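J.: I'd like to ask some things about the structure below.
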Amino acid sequence: MSFQATTMKISDLADNTGEWLRGTGPESDIVISSRIRLARNVARFPFLSRANVKQKKELEEIIRERIKDSDISQDLCYLNLADITPVDRLFLVERHLISREHAGGEGERGVAFGKSETVSLMVNEEDHLRIQVIRSGFELKEAWKTIDDIDNKLERKLNYAYSSRFGYLTACPTNVGTGMRASVMLHLPALGMTHHIEKVFTAVMKLGLVVRGLYGEGTQVSGDLYQISNQFTLGKSEVEIIEIIESVIPRITSYERMARKALVSESREQLEDRVWRSYGMLKVARLISSEEIMHLLSQVRMGVNLGIINDIEMKTLNELFILTLPGHLQKLEGRELNSTQRNIIRASYVRKRLEKIKSLKG
Amino acid sequence: MKCESCNKKHATVHLTEIVGTAKKERHLCEECAQSINTHLTKIPSPTEILTSLINQVAPEINEMSKIVCPVCGLSYLEFRSNGRLGCPMDYTIFRKGLIPLLEKMHSSTQHVGKVPSRAGKELIKKNELMQLRNELNKAVEKEDYERAAELRDKIYELSGDNDED
């Protein structure tokens with residue numbers, strides 16, 4: 001087995017997005033995506049914070065070769081992060097193919113990912129190996145099946161650090177045990193507008209779950225996008241953890257739907273005005289910051305869900321959240337851009353995408 | 001005022017003793033006061049205050065502070081200051097300190113999830129049994145006796161004749 005021809009250029013990816021943004025799957029009006037990641041380390045090697053340059057290099061080689069030898073490699077291509085530019089790394093972060101820590105890390109490290117971008121394997125991140133599977137909509141169980149299978153295939157080739165007491169041993173004890181973080185990305189504009197979101201957080205935290213922004217730990221919430229994931233990784237099985245999250249999500253989505261309904265019945269005109277103004281802004285503005293576009297897209301997305309706007313596809317909206325991020329704009333233009341330049345290009349890119357819809361319909 | 005005890009040095013410690021209803025005042029120099037009643041003059045040093053505070057918050061640190069992993073060279077104190085372990089062996093070396101930490105983070109210290117097939121069939125069976133027992137307890141709590149009976153049978157089946165407990 002071997003990797004796909006690595007002639008793939010990152011710029012080839014820039015004008016579309018991964019499969020997980022297509023806006024399909026259960027509850028996809030509110031649940032954007034379901035993601036699971038597993039943290040694994042190779043036995044008889046130090047964790048990365050204590051590994052020297054030689055050991056890091058050795059680890060990168062061993063893991064890359066074992067992935068290549070495994071049954072999953074034919075669908076994957078591999079990039080060495082030390083060989084690509086900071087803009088390329090930012091681009092991969094925005095697509096959720098690597099983490100911020102992985103992008104900003106040092107030394108030999110890489111990522112293997114599939115063409116559909118549902119699977120990615122980060123080599124030498126915080127742990128030696130982090131496997132990730134993302135799916136569109138509310139499909140944690142499906143994601144678990146896929147990632148469990150990949151993990152089993154790799155386990156035949158790699159000797160993982162494991163103890164019967166503590167499970168999979170990880171660099172940070174917050175991940176030990178299953179090494180699993182399962183998360184669901186939710187779009188909750190109405191709960192935000194009606195100030196009920198805090199209640200959701202409190203309830204969720206009581207169950208041992210945490211709420212984070214779009215790009216995980218320590219990131220700000222924008223575009224009303226929230227990630228809900230498990231805090232604990234030890235003492236419960238992978239399936240038990242997934243079931244806890246699965247039991248909570250439908251309650252949050254129905255709460256969001258109730259809040260939307262209340263907005264429609266109590267202040268229909270104001271709501272429609274907000275949605276149409278946001279849509280209008282996207283169609284005419286000449287400068288849009290990344291913060292503003294998240295807000296505008298969030299309003300329009302809710303408008304589409306509520307049937308206020310009919311001429312734009314969910315997939316297009318989901319994609320615009322990612323395609324208008326700084327790394328993507330710079331990749332699209334093929335050069336580095338400062339923030340004002342990005343704001344101009346962002347606005348013109350969105351205008352073009354939305355004009356296309358009109359002409360297709362027209 | 002001279003010290004009542006030695007009558008030489010200046011009295012800097014003034015004590016009021018109450019025995020029954022009688023009140024007795026004593027004026028002593030620091031040395032004499034210390035020899036009479038050591039704990040009265042002992043003021044804890046900042047290090048002592050800190051140590052007692054650490055003992056209250058994280059009692060294992062004091063005891064563990066001298067431990068260094070012979071494999072990766074990480075000390076327990078380094079681990080506590082940056083939160084990252086240095087190698088898989090640290091879980092064994094720092095076990096005593098880690099257990100209360102894991103209890104706080106995960107409300108548990110025992111893995112019950114996936115077992116790599118390399119780790120052996122016995123371990124897989126053990127974990128499966130542990131999970132079934134957890135479920136059994138939950139079923140009993142919920143008074144779902146039908147499910148409990150089902151689980152009990154499964155446990156018997158899996159553990160064979162010699163249940164390890």
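Just remember, in the structure tokens the first chain shown is A, the second B, etc., residues are 1-based per chain, and ligands are 1-based in the order shown.
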Find the residues near range 203-213 of chain A: any atom within 10 Å, counting only C-alpha atoms, skip ones fewer than 6 places away on the same chain, and give them as a VMD selection string.

T.: (chain A and resid 183 to 186 219 to 232 241 244 to 245 248 to 249 252) or (chain B and resid 105 to 107)

J.: Include C-alpha atoms and write out the residues we just selected as a short mmCIF file (atom, residue, chain, number, x, y, z; two decimals), in the first residue's frame.

T.:
data_model
loop_
_atom_site.label_atom_id
_atom_site.label_comp_id
_atom_site.auth_asym_id
_atom_site.auth_seq_id
_atom_site.Cartn_x
_atom_site.Cartn_y
_atom_site.Cartn_z
CA SER A 183 -17.85 16.83 19.66
CA VAL A 184 -20.83 18.18 17.86
CA MET A 185 -20.90 21.58 16.18
CA LEU A 186 -24.16 23.41 16.63
CA THR A 219 -11.36 29.93 20.83
CA GLN A 220 -14.03 32.57 20.83
CA VAL A 221 -17.56 31.83 19.85
CA SER A 222 -18.50 33.49 16.57
CA GLY A 223 -21.29 33.04 14.07
CA ASP A 224 -23.37 31.46 16.85
CA LEU A 225 -21.39 28.24 16.30
CA TYR A 226 -20.71 26.13 19.36
CA GLN A 227 -18.91 22.84 19.91
CA ILE A 228 -20.14 20.55 22.64
CA SER A 229 -17.78 17.80 23.71
CA ASN A 230 -16.93 15.45 26.54
CA GLN A 231 -14.66 16.65 29.35
CA PHE A 232 -13.83 13.26 30.88
CA ILE A 241 -19.44 8.85 26.29
CA ILE A 244 -24.23 10.92 26.86
CA ILE A 245 -23.59 13.51 24.14
CA VAL A 248 -28.17 15.91 25.17
CA ILE A 249 -28.07 17.15 21.59
CA ILE A 252 -30.61 21.46 22.70
CA MET B 105 -10.63 15.43 36.27
CA HIS B 106 -12.60 12.34 35.30
CA SER B 107 -14.35 11.25 38.53
#

J.: Output as a short mmCIF file (atom, residue, chain, number, x, y, z; two decimals) with C-alpha atoms, in the first residue's frame all residues of range 108-206 of chain A that backbone DSSP marks as strand (DSSP E or B).

T.:
data_model
loop_
_atom_site.label_atom_id
_atom_site.label_comp_id
_atom_site.auth_asym_id
_atom_site.auth_seq_id
_atom_site.Cartn_x
_atom_site.Cartn_y
_atom_site.Cartn_z
CA GLY A 110 2.71 15.94 9.35
CA VAL A 111 -0.84 15.14 8.43
CA ALA A 112 -2.47 12.42 6.34
CA PHE A 113 -5.96 13.12 5.11
CA GLY A 114 -8.52 11.75 2.72
CA VAL A 119 -10.50 11.52 7.91
CA SER A 120 -7.29 13.12 9.09
CA LEU A 121 -4.31 11.72 10.98
CA MET A 122 -2.05 14.22 12.71
CA VAL A 123 1.46 12.98 13.34
CA LEU A 129 -0.83 10.41 16.67
CA ARG A 130 -4.25 11.98 16.63
CA ILE A 131 -6.87 10.39 14.45
CA GLN A 132 -9.91 12.46 13.51
CA VAL A 133 -13.16 11.74 11.70
CA ILE A 134 -15.71 14.46 10.84
CA ARG A 135 -19.14 13.87 9.38
CA SER A 136 -21.88 16.19 8.23
CA TYR A 160 0.40 1.90 21.33
CA TYR A 162 -1.46 1.44 26.93
CA SER A 163 -2.09 0.30 30.48
CA GLY A 167 -6.10 2.94 29.15
CA TYR A 168 -4.41 4.77 26.27
CA GLY A 177 -8.22 6.45 29.07
CA MET A 180 -11.36 10.27 22.83
CA ARG A 181 -12.92 13.66 22.34
CA ALA A 182 -16.33 13.51 20.66
CA SER A 183 -17.85 16.83 19.66
CA VAL A 184 -20.83 18.18 17.86
CA MET A 185 -20.90 21.58 16.18
CA LEU A 186 -24.16 23.41 16.63
CA HIS A 187 -25.62 26.56 15.11
#

J.: Please, what distance in Å, to one decimal, runs between CA of Asp88 in chain A and CA of Phe45 in chain A?

T.: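 Computing the Euclidean distance for CA of Asp88 in chain A and CA of Phe45 in chain A yields 29.3 Å.
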
J.: Could you list the residues in chain A lying within 10 Å of chain B, using only C-alpha atoms, and format the result as a VMD selection string?

T.: chain A and resid 41 to 51 126 148 151 to 152 155 to 156 158 to 180 208 231 to 241

J.: Pick out the closest residue to Glu78 in chain B from this set: B:Thr21, B:Gln34, B:Thr16, B:Ser65. Count only C-alpha atoms.

T.: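 When distances to Glu78 in chain B are compared using only C-alpha atoms, the smallest one comes from B:Ser65.
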
J.: At what distance in Å, to one decimal, does CA of Gly25 in chain A lie from CA of Arg277 in chain A?

T.: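 Computed distance, CA of Arg277 in chain A to CA of Gly25 in chain A, equals 29.0 Å.
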
J.: Hey, can you check how far CA of Glu4 in chain B sits from CA of Arg26 in chain B?

T.: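 CA of Glu4 in chain B sits 7.3 Å away from CA of Arg26 in chain B.
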
J.: Which polymer residues have any atom within 8 Å of an atom of Ile67 in chain B, counting only C-alpha atoms, with same-chain residues fewer than 2 positions away left out, as an mmCIF file with C-alpha atoms, in the first residue's frame?

T.:
data_model
loop_
_atom_site.group_PDB
_atom_site.id
_atom_site.type_symbol
_atom_site.label_atom_id
_atom_site.label_comp_id
_atom_site.auth_asym_id
_atom_site.auth_seq_id
_atom_site.Cartn_x
_atom_site.Cartn_y
_atom_site.Cartn_z
ATOM 1 C CA MET B 64 6.027 13.627 45.459
ATOM 2 C CA SER B 65 8.183 16.718 44.958
ATOM 3 C CA CYS B 69 11.145 9.811 36.189
ATOM 4 C CA SER B 75 10.203 15.755 37.773
ATOM 5 C CA TYR B 76 6.800 15.632 39.396
ATOM 6 C CA ILE B 93 6.271 6.654 38.457
ATOM 7 C CA PHE B 94 3.860 9.473 39.428
#

J.: Using only C-alpha atoms, pick whichever of A:Glu108, A:Glu292, A:Glu198, A:Glu139 has the shortest atom-to-atom distance to Ile32 in chain A.

T.: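 Residue with the minimum atom-to-atom distance to Ile32 in chain A: A:Glu139.
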
J.: From a DSSP pass on the backbone, collect the residues of range 100-325 of chain A flagged as alpha helix (DSSP H) and hand them back as a ChimeraX atom specification.

T.: /A:100-104,140-155,189-193,197-206,238-284,290-305,314-323

J.: Which residues, written as JSON, numbers by chain, have at least one atom at most 10 Å from Met193 in chain A, with only C-alpha atoms counted and residues fewer than 2 positions away on the same chain left out?

T.: {"A": [188, 189, 190, 191, 195, 196, 197, 224, 259, 260, 263]}

J.: Using only C-alpha atoms, which residues sit within 9 Å of Asp29 in chain A once same-chain residues fewer than 2 positions away are excluded, as a short mmCIF file (atom, residue, chain, number, x, y, z; two decimals) with N, CA and C atoms, in the first residue's frame?

T.:
data_model
loop_
_atom_site.label_atom_id
_atom_site.label_comp_id
_atom_site.auth_asym_id
_atom_site.auth_seq_id
_atom_site.Cartn_x
_atom_site.Cartn_y
_atom_site.Cartn_z
N GLY A 23 -23.91 19.98 4.50
CA GLY A 23 -25.22 20.35 5.08
C GLY A 23 -26.25 19.25 4.99
N THR A 24 -25.80 18.00 4.98
CA THR A 24 -26.75 16.89 4.98
C THR A 24 -26.62 16.13 6.30
N PRO A 26 -28.61 13.86 9.69
CA PRO A 26 -29.67 14.14 10.65
C PRO A 26 -29.50 15.49 11.34
N GLU A 27 -30.60 16.20 11.49
CA GLU A 27 -30.66 17.49 12.21
C GLU A 27 -29.71 18.54 11.64
N VAL A 31 -27.39 20.99 13.59
CA VAL A 31 -26.10 20.32 13.80
C VAL A 31 -25.29 20.38 12.51
N ILE A 32 -24.21 21.15 12.52
CA ILE A 32 -23.38 21.27 11.32
C ILE A 32 -22.57 20.01 11.12
N GLY A 137 -23.70 16.76 9.75
CA GLY A 137 -24.91 16.47 10.53
C GLY A 137 -24.62 15.74 11.83
N HIS A 187 -25.32 25.18 15.47
CA HIS A 187 -25.62 26.56 15.11
C HIS A 187 -26.83 27.00 15.92
N ARG A 301 -28.26 32.02 7.55
CA ARG A 301 -28.44 30.57 7.70
C ARG A 301 -29.75 30.28 8.44
N MET A 302 -30.00 31.06 9.51
CA MET A 302 -31.25 30.87 10.23
C MET A 302 -32.44 31.22 9.34
N ASN A 305 -33.19 28.34 7.14
CA ASN A 305 -33.84 27.28 7.94
C ASN A 305 -35.31 27.59 8.20
N MET A 314 -28.06 25.39 1.67
CA MET A 314 -27.39 25.25 2.96
C MET A 314 -25.90 24.98 2.78
#
